[in-house]
>>> print(open('my_file-v4.json').read())   # JSON, C-alpha atoms
[["chain", "number", "residue", "atom", "x", "y", "z"],
["A", 1, "MET", "CA", 0.00, 0.00, 0.00],
["A", 2, "CYS", "CA", 2.79, 2.36, 0.87],
["A", 3, "LYS", "CA", 4.50, 1.59, -2.39],
["A", 4, "LYS", "CA", 1.37, 2.63, -4.37],
["A", 5, "TRP", "CA", 1.19, 5.93, -2.54],
["A", 6, "PHE", "CA", 4.85, 6.54, -3.15],
["A", 7, "VAL", "CA", 4.45, 6.04, -6.93],
["A", 8, "PHE", "CA", 1.33, 8.24, -6.97],
["A", 9, "PHE", "CA", 3.22, 10.98, -5.14],
["A", 10, "TRP", "CA", 6.03, 11.03, -7.69],
["A", 11, "LEU", "CA", 3.56, 11.10, -10.58],
["A", 12, "LEU", "CA", 1.98, 14.28, -9.12],
["A", 13, "ILE", "CA", 5.39, 15.90, -8.82],
["A", 14, "LEU", "CA", 6.22, 15.09, -12.44],
["A", 15, "ALA", "CA", 2.87, 16.46, -13.66],
["A", 16, "SER", "CA", 3.42, 19.72, -11.79],
["A", 17, "ALA", "CA", 6.91, 20.08, -13.27],
["A", 18, "CYS", "CA", 5.59, 19.63, -16.81],
["A", 19, "GLN", "CA", 2.98, 22.30, -16.30],
["A", 20, "ALA", "CA", 5.61, 24.73, -14.97],
["A", 21, "HIS", "CA", 7.79, 24.29, -18.03],
["A", 22, "THR", "CA", 4.96, 24.80, -20.52],
["A", 23, "ALA", "CA", 5.38, 28.25, -22.09],
["A", 24, "ALA", "CA", 2.49, 30.60, -21.65],
["A", 25, "PRO", "CA", 0.98, 31.71, -24.93],
["A", 26, "THR", "CA", 2.25, 35.05, -26.15],
["A", 27, "SER", "CA", -0.40, 37.62, -27.04],
["A", 28, "ALA", "CA", -0.40, 38.67, -30.70],
["A", 29, "PRO", "CA", 1.13, 42.15, -31.38],
["A", 30, "THR", "CA", -1.28, 44.98, -32.16],
["A", 31, "VAL", "CA", -1.00, 46.12, -35.79],
["A", 32, "LEU", "CA", -1.99, 49.77, -36.40],
["A", 33, "PRO", "CA", -3.51, 50.72, -39.77],
["A", 34, "PRO", "CA", -1.22, 52.83, -41.99],
["A", 35, "THR", "CA", -1.58, 56.58, -41.70],
["A", 36, "ALA", "CA", -2.87, 58.22, -44.87],
["A", 37, "THR", "CA", -0.38, 60.59, -46.55],
["A", 38, "TYR", "CA", -1.71, 63.72, -48.21],
["A", 39, "THR", "CA", 0.26, 65.61, -50.90],
["A", 40, "VAL", "CA", -0.53, 69.31, -51.18],
["A", 41, "THR", "CA", 0.23, 70.81, -54.58],
["A", 42, "ALA", "CA", 0.84, 74.54, -54.60],
["A", 43, "PRO", "CA", -1.14, 76.40, -57.29],
["A", 44, "ALA", "CA", 0.97, 77.46, -60.23],
["A", 45, "ALA", "CA", 1.78, 81.15, -60.33],
["A", 46, "THR", "CA", -0.11, 83.01, -63.04],
["A", 47, "PRO", "CA", 2.36, 84.57, -65.49],
["A", 48, "THR", "CA", 2.09, 88.28, -66.06],
["A", 49, "PRO", "CA", 3.05, 90.18, -69.23],
["A", 50, "ALA", "CA", 6.41, 91.98, -69.18],
["A", 51, "PHE", "CA", 6.65, 95.69, -69.86],
["A", 52, "TYR", "CA", 9.35, 98.19, -70.76],
["A", 53, "VAL", "CA", 9.03, 101.88, -69.91],
["A", 54, "VAL", "CA", 10.46, 104.20, -72.56],
["A", 55, "GLN", "CA", 13.35, 106.30, -71.23],
["A", 56, "PRO", "CA", 14.69, 109.60, -72.62],
["A", 57, "GLY", "CA", 16.88, 108.89, -75.62],
["A", 58, "ASP", "CA", 15.29, 105.51, -76.37],
["A", 59, "THR", "CA", 14.31, 104.51, -79.89],
["A", 60, "LEU", "CA", 12.12, 101.58, -80.82],
["A", 61, "SER", "CA", 14.98, 99.90, -82.70],
["A", 62, "ALA", "CA", 17.31, 100.29, -79.72],
["A", 63, "ILE", "CA", 14.66, 98.89, -77.36],
["A", 64, "ALA", "CA", 14.11, 95.91, -79.68],
["A", 65, "ALA", "CA", 17.87, 95.21, -79.79],
["A", 66, "LYS", "CA", 18.17, 95.54, -76.00],
["A", 67, "LEU", "CA", 15.33, 93.10, -75.38],
["A", 68, "ASP", "CA", 16.28, 90.71, -78.21],
["A", 69, "VAL", "CA", 12.98, 91.02, -80.06],
["A", 70, "SER", "CA", 12.19, 92.31, -83.53],
["A", 71, "ILE", "CA", 10.98, 95.87, -84.04],
["A", 72, "GLU", "CA", 8.04, 94.50, -86.04],
["A", 73, "GLU", "CA", 6.91, 92.42, -83.04],
["A", 74, "LEU", "CA", 7.13, 95.48, -80.78],
["A", 75, "GLN", "CA", 5.05, 97.51, -83.23],
["A", 76, "GLU", "CA", 2.41, 94.80, -83.64],
["A", 77, "VAL", "CA", 1.85, 94.01, -79.97],
["A", 78, "ASN", "CA", 1.82, 97.73, -78.99],
["A", 79, "HIS", "CA", -0.18, 98.93, -82.04],
["A", 80, "ILE", "CA", 2.55, 101.36, -83.13],
["A", 81, "THR", "CA", 2.22, 102.48, -86.74],
["A", 82, "ASP", "CA", 5.34, 104.68, -86.90],
["A", 83, "PRO", "CA", 8.44, 103.28, -85.14],
["A", 84, "ASN", "CA", 9.92, 106.80, -84.96],
["A", 85, "LEU", "CA", 7.16, 108.11, -82.70],
["A", 86, "ILE", "CA", 7.25, 106.81, -79.13],
["A", 87, "GLN", "CA", 6.91, 108.80, -75.92],
["A", 88, "VAL", "CA", 8.97, 109.03, -72.74],
["A", 89, "ASN", "CA", 7.35, 106.95, -69.94],
["A", 90, "GLN", "CA", 5.28, 105.05, -72.51],
["A", 91, "LYS", "CA", 4.76, 101.48, -71.30],
["A", 92, "LEU", "CA", 5.55, 98.92, -74.01],
["A", 93, "ILE", "CA", 4.47, 95.28, -73.87],
["A", 94, "ILE", "CA", 7.43, 92.99, -74.54],
["A", 95, "PRO", "CA", 6.30, 90.18, -76.86],
["A", 96, "GLY", "CA", 7.08, 86.59, -75.93],
["A", 97, "LEU", "CA", 7.94, 87.30, -72.29],
["A", 98, "THR", "CA", 5.60, 86.11, -69.50],
["A", 99, "PRO", "CA", 7.78, 85.67, -66.42],
["A", 100, "VAL", "CA", 6.57, 84.12, -63.16],
["A", 101, "PRO", "CA", 6.12, 86.91, -60.60],
["A", 102, "THR", "CA", 9.18, 87.37, -58.42],
["A", 103, "ALA", "CA", 10.29, 89.85, -55.83],
["A", 104, "THR", "CA", 9.95, 93.42, -57.06],
["A", 105, "VAL", "CA", 13.26, 95.01, -57.95],
["A", 106, "SER", "CA", 13.40, 98.74, -58.48],
["A", 107, "PRO", "CA", 14.78, 99.47, -61.95],
["A", 108, "THR", "CA", 17.86, 101.61, -62.22],
["A", 109, "PRO", "CA", 16.81, 104.91, -63.82],
["A", 110, "THR", "CA", 18.42, 105.66, -67.14],
["A", 111, "PRO", "CA", 20.22, 109.01, -66.98],
["A", 112, "THR", "CA", 19.09, 111.67, -69.39],
["A", 113, "PRO", "CA", 21.59, 111.95, -72.25],
["A", 114, "ASN", "CA", 23.80, 115.03, -72.12],
["A", 115, "VAL", "CA", 23.76, 115.33, -75.90],
["A", 116, "PRO", "CA", 21.33, 118.16, -76.82],
["A", 117, "PRO", "CA", 18.64, 117.59, -79.45],
["A", 118, "GLN", "CA", 19.65, 118.44, -83.02],
["A", 119, "LEU", "CA", 16.54, 119.73, -84.77],
["A", 120, "GLU", "CA", 16.31, 121.61, -88.05],
["A", 121, "ILE", "CA", 13.58, 123.68, -89.69],
["A", 122, "VAL", "CA", 14.12, 122.35, -93.18],
["A", 123, "GLU", "CA", 11.65, 124.48, -95.13],
["A", 124, "VAL", "CA", 8.47, 126.55, -94.97],
["A", 125, "ILE", "CA", 6.34, 125.85, -98.03],
["A", 126, "GLY", "CA", 3.12, 127.45, -99.30],
["A", 127, "ARG", "CA", 3.76, 130.75, -97.54],
["A", 128, "GLY", "CA", 0.80, 133.13, -97.49],
["A", 129, "ALA", "CA", -1.82, 130.44, -98.23],
["A", 130, "PRO", "CA", -3.34, 129.03, -95.02],
["A", 131, "GLY", "CA", -4.41, 125.83, -96.72],
["A", 132, "ALA", "CA", -0.90, 125.15, -98.03],
["A", 133, "GLU", "CA", 1.47, 126.67, -95.46],
["A", 134, "THR", "CA", 3.59, 123.93, -93.91],
["A", 135, "VAL", "CA", 6.73, 123.96, -91.75],
["A", 136, "ILE", "CA", 8.94, 120.89, -92.18],
["A", 137, "ILE", "CA", 10.99, 119.94, -89.09],
["A", 138, "ALA", "CA", 13.66, 117.22, -89.12],
["A", 139, "ASN", "CA", 15.42, 115.50, -86.22],
["A", 140, "ARG", "CA", 19.14, 115.13, -86.97],
["A", 141, "GLY", "CA", 20.10, 113.80, -83.53],
["A", 142, "ARG", "CA", 18.72, 111.71, -80.70],
["A", 143, "ALA", "CA", 15.02, 111.09, -80.20],
["A", 144, "VAL", "CA", 13.23, 113.83, -78.29],
["A", 145, "SER", "CA", 9.84, 114.61, -76.76],
["A", 146, "LEU", "CA", 8.34, 117.82, -78.18],
["A", 147, "ALA", "CA", 5.60, 118.16, -75.55],
["A", 148, "GLN", "CA", 4.98, 121.87, -74.81],
["A", 149, "TRP", "CA", 7.62, 123.01, -77.31],
["A", 150, "THR", "CA", 6.68, 125.99, -79.50],
["A", 151, "LEU", "CA", 6.98, 126.95, -83.16],
["A", 152, "ARG", "CA", 6.60, 130.72, -83.57],
["A", 153, "ASP", "CA", 7.21, 133.60, -85.93],
["A", 154, "ALA", "CA", 8.85, 136.96, -85.28],
["A", 155, "GLN", "CA", 5.43, 138.53, -84.56],
["A", 156, "GLY", "CA", 4.72, 136.24, -81.61],
["A", 157, "ASN", "CA", 2.27, 133.80, -83.22],
["A", 158, "ALA", "CA", 3.02, 130.50, -81.50],
["A", 159, "PHE", "CA", 2.01, 126.89, -82.05],
["A", 160, "VAL", "CA", 2.30, 124.65, -78.94],
["A", 161, "PHE", "CA", 3.22, 121.04, -79.63],
["A", 162, "PRO", "CA", 1.11, 118.27, -78.09],
["A", 163, "ASN", "CA", 2.64, 115.31, -76.29],
["A", 164, "ILE", "CA", 4.52, 113.83, -79.25],
["A", 165, "TYR", "CA", 7.85, 112.00, -79.58],
["A", 166, "LEU", "CA", 10.09, 112.62, -82.59],
["A", 167, "GLY", "CA", 12.47, 109.78, -83.30],
["A", 168, "SER", "CA", 16.02, 110.10, -84.59],
["A", 169, "GLY", "CA", 16.02, 110.81, -88.35],
["A", 170, "ALA", "CA", 12.26, 111.43, -88.46],
["A", 171, "GLU", "CA", 10.44, 114.39, -90.01],
["A", 172, "LEU", "CA", 7.36, 116.25, -88.79],
["A", 173, "ARG", "CA", 5.14, 118.72, -90.67],
["A", 174, "VAL", "CA", 3.21, 121.54, -88.97],
["A", 175, "HIS", "CA", 0.33, 122.78, -91.14],
["A", 176, "THR", "CA", -1.23, 126.21, -90.66],
["A", 177, "THR", "CA", -4.69, 124.94, -91.66],
["A", 178, "SER", "CA", -7.11, 122.73, -89.74],
["A", 179, "GLY", "CA", -6.93, 118.96, -89.65],
["A", 180, "GLU", "CA", -6.56, 115.88, -87.48],
["A", 181, "ASN", "CA", -3.16, 115.38, -85.86],
["A", 182, "THR", "CA", -1.13, 112.28, -86.71],
["A", 183, "PRO", "CA", 2.41, 111.24, -85.72],
["A", 184, "GLN", "CA", 3.77, 112.89, -88.90],
["A", 185, "HIS", "CA", 1.36, 115.83, -89.36],
["A", 186, "LEU", "CA", 0.22, 118.45, -86.85],
["A", 187, "TYR", "CA", -2.34, 121.20, -87.51],
["A", 188, "TRP", "CA", -2.36, 124.79, -86.20],
["A", 189, "ASN", "CA", -6.10, 125.22, -86.97],
["A", 190, "ARG", "CA", -5.72, 128.78, -88.25],
["A", 191, "GLU", "CA", -7.77, 130.47, -90.94],
["A", 192, "THR", "CA", -5.12, 133.11, -91.69],
["A", 193, "PRO", "CA", -1.51, 132.61, -92.83],
["A", 194, "VAL", "CA", 1.45, 132.87, -90.44],
["A", 195, "TRP", "CA", 4.49, 133.07, -92.68],
["A", 196, "GLU", "CA", 3.46, 135.68, -95.27],
["A", 197, "GLU", "CA", 5.71, 138.56, -94.08],
["A", 198, "SER", "CA", 8.98, 139.08, -95.91],
["A", 199, "GLY", "CA", 12.01, 138.75, -93.64],
["A", 200, "ASP", "CA", 10.05, 136.67, -91.07],
["A", 201, "THR", "CA", 11.78, 133.94, -89.02],
["A", 202, "ALA", "CA", 10.53, 130.50, -88.02],
["A", 203, "ILE", "CA", 11.71, 129.66, -84.48],
["A", 204, "LEU", "CA", 11.58, 126.29, -82.68],
["A", 205, "ALA", "CA", 12.06, 126.39, -78.87],
["A", 206, "ASP", "CA", 11.64, 123.92, -76.01],
["A", 207, "ASP", "CA", 9.21, 124.26, -73.08],
["A", 208, "ARG", "CA", 11.71, 126.55, -71.27],
["A", 209, "GLY", "CA", 12.08, 128.88, -74.25],
["A", 210, "VAL", "CA", 15.53, 127.58, -75.29],
["A", 211, "ILE", "CA", 15.81, 127.92, -79.08],
["A", 212, "TYR", "CA", 16.96, 124.76, -80.89],
["A", 213, "ALA", "CA", 16.33, 125.77, -84.50],
["A", 214, "GLN", "CA", 15.42, 128.86, -86.50],
["A", 215, "LYS", "CA", 15.13, 129.65, -90.18],
["A", 216, "PRO", "CA", 15.07, 133.17, -91.70],
["A", 217, "LEU", "CA", 12.48, 133.52, -94.45],
["A", 218, "ASP", "CA", 13.13, 135.70, -97.51]]
>>> encode(input="my_file-v4.json", output="structure tokens")
Amino acid sequence: MCKKWFVFFWLLILASACQAHTAAPTSAPTVLPPTATYTVTAPAATPTPAFYVVQPGDTLSAIAAKLDVSIEELQEVNHITDPNLIQVNQKLIIPGLTPVPTATVSPTPTPTPNVPPQLEIVEVIGRGAPGAETVIIANRGRAVSLAQWTLRDAQGNAFVFPNIYLGSGAELRVHTTSGENTPQHLYWNRETPVWEESGDTAILADDRGVIYAQKPLD
């Protein structure tokens, strides 16, 4: 009887030992769902047209060469019929350039040329007849704005020029009669002649009264 209890006792000990060495189940790791990634695309900058502001002494051909475009393209996009007539501070659209906006940079002002204008009163034709009288003025030097300049005779009759730009090598005609001004023809809108007196003088002066050309008339 004692021997049976002894065997039963050792069987219990062995069973307990087996349970102690059995590994406890490991809990499964928690898997988190992937986080969604969002890509934000910045809106493309809207291109803006490029401009060039006409400076004193500029000509359309010189501007075209400076900006590497043709003079014909400049004329077409800016609706310029005569390339010799552009105005100081006139804003020109530069064809083919649409840069993305960047930080504003102040342009370096172009100094006014020290070379004085070289203008000539070439001829006064049709003297004494208001419908035919015409003064022909030629620019022999750099381009110049004639705004507020005057063309007058020795008696004090004066024509005041509108805001017009005379290019280098260009000619301009001032008619005594009435008409519609164009880049090449200006009209005094007089009914009586100006240049009928013998020994009269045609005088061209700037807005300060400085005389740049004069022509004695026989």
>>> residues_around(input="my_file-v4.json", residues="A:Ile211", least_positions_apart="4", cutoff="12 Å", atoms="only C-alpha atoms", output="list in words")
Pro116, Pro117, Gln118, Leu119, Glu120, Ile121, Trp149, Thr150, Leu151, Arg152, Ala202, Ile203, Leu204, Ala205, Asp206, Asp207 and Lys215 of chain A
>>> closest_residue(input="my_file-v4.json", among="A:Val122, A:Ala50, A:Ile71, A:Leu85", to="A:Leu146", atoms="all atoms listed in the file")
A:Leu85
>>> atom_distance(input="my_file-v4.json", atom1="atom CA of A:Val160", atom2="atom CA of A:Gln148")
5.7 Å
>>> residues_around(input="my_file-v4.json", residues="stretch 57-60 of chain A", least_positions_apart="4", cutoff="8 Å", atoms="all atoms listed in the file", output="list in words")
Ala64, Ile71, Leu74, Pro83, Asn84, Ile86, Thr112, Pro113, Arg142, Ala143, Val144, Gly167 and Ser168 of chain A
>>> residues_around(input="my_file-v4.json", residues="stretch 182-188 of chain A", least_positions_apart="5", cutoff="8 Å", atoms="only C-alpha atoms", output="ChimeraX atom specification")
/A:82,85,159,164,171-177
>>> atom_distance(input="my_file-v4.json", atom1="atom CA of A:Glu76", atom2="atom CA of A:Gly96")
12.2 Å
>>> closest_residue(input="my_file-v4.json", among="A:Ile93, A:Ala129, A:Ala213, A:Ala154", to="A:Val77", atoms="all atoms listed in the file")
A:Ile93
>>> closest_residue(input="my_file-v4.json", among="A:Val194, A:Val124, A:Gly169, A:Arg208", to="A:Asn139", atoms="only C-alpha atoms")
A:Gly169
>>> atom_distance(input="my_file-v4.json", atom1="atom CA of A:Ile136", atom2="atom CA of A:Ala170")
10.7 Å
>>> closest_residue(input="my_file-v4.json", among="A:Leu166, A:Ile94, A:Leu217, A:Val53", to="A:Val135", atoms="only C-alpha atoms")
A:Leu217
>>> axis_aligned_box(input="my_file-v4.json", around="stretch 164-171 of chain A", padding_each_side="6 Å", output="JSON")
{"center_x": 10.3, "center_y": 112.1, "center_z": -84.6, "size_x": 23.5, "size_y": 16.6, "size_z": 22.8}
>>> build_atoms(input="my_file-v4.json", residues="stretch 158-169 of chain A", atoms="N, CA and C atoms", output="tab-separated table (two decimals), keeping the file's coordinate frame")
chain	number	residue	atom	x	y	z
A	158	ALA	N	2.35	131.70	-81.99
A	158	ALA	CA	3.02	130.50	-81.50
A	158	ALA	C	2.10	129.28	-81.59
A	159	PHE	N	2.68	128.19	-82.06
A	159	PHE	CA	2.01	126.89	-82.05
A	159	PHE	C	2.64	126.06	-80.94
A	160	VAL	N	1.81	125.47	-80.05
A	160	VAL	CA	2.30	124.65	-78.94
A	160	VAL	C	2.14	123.18	-79.32
A	161	PHE	N	3.25	122.45	-79.26
A	161	PHE	CA	3.22	121.04	-79.63
A	161	PHE	C	2.49	120.20	-78.59
A	162	PRO	N	1.72	119.21	-79.04
A	162	PRO	CA	1.11	118.27	-78.09
A	162	PRO	C	2.16	117.28	-77.58
A	163	ASN	N	1.73	116.31	-76.83
A	163	ASN	CA	2.64	115.31	-76.29
A	163	ASN	C	3.02	114.32	-77.40
A	164	ILE	N	4.10	114.64	-78.11
A	164	ILE	CA	4.52	113.83	-79.25
A	164	ILE	C	6.02	113.58	-79.16
A	165	TYR	N	6.45	112.43	-79.65
A	165	TYR	CA	7.85	112.00	-79.58
A	165	TYR	C	8.39	111.91	-80.99
A	166	LEU	N	9.49	112.60	-81.25
A	166	LEU	CA	10.09	112.62	-82.59
A	166	LEU	C	11.37	111.79	-82.56
A	167	GLY	N	11.34	110.68	-83.30
A	167	GLY	CA	12.47	109.78	-83.30
A	167	GLY	C	13.65	110.31	-84.09
A	168	SER	N	14.80	109.70	-83.88
A	168	SER	CA	16.02	110.10	-84.59
A	168	SER	C	15.83	109.87	-86.09
A	169	GLY	N	16.14	110.91	-86.91
A	169	GLY	CA	16.02	110.81	-88.35
A	169	GLY	C	14.62	111.03	-88.89
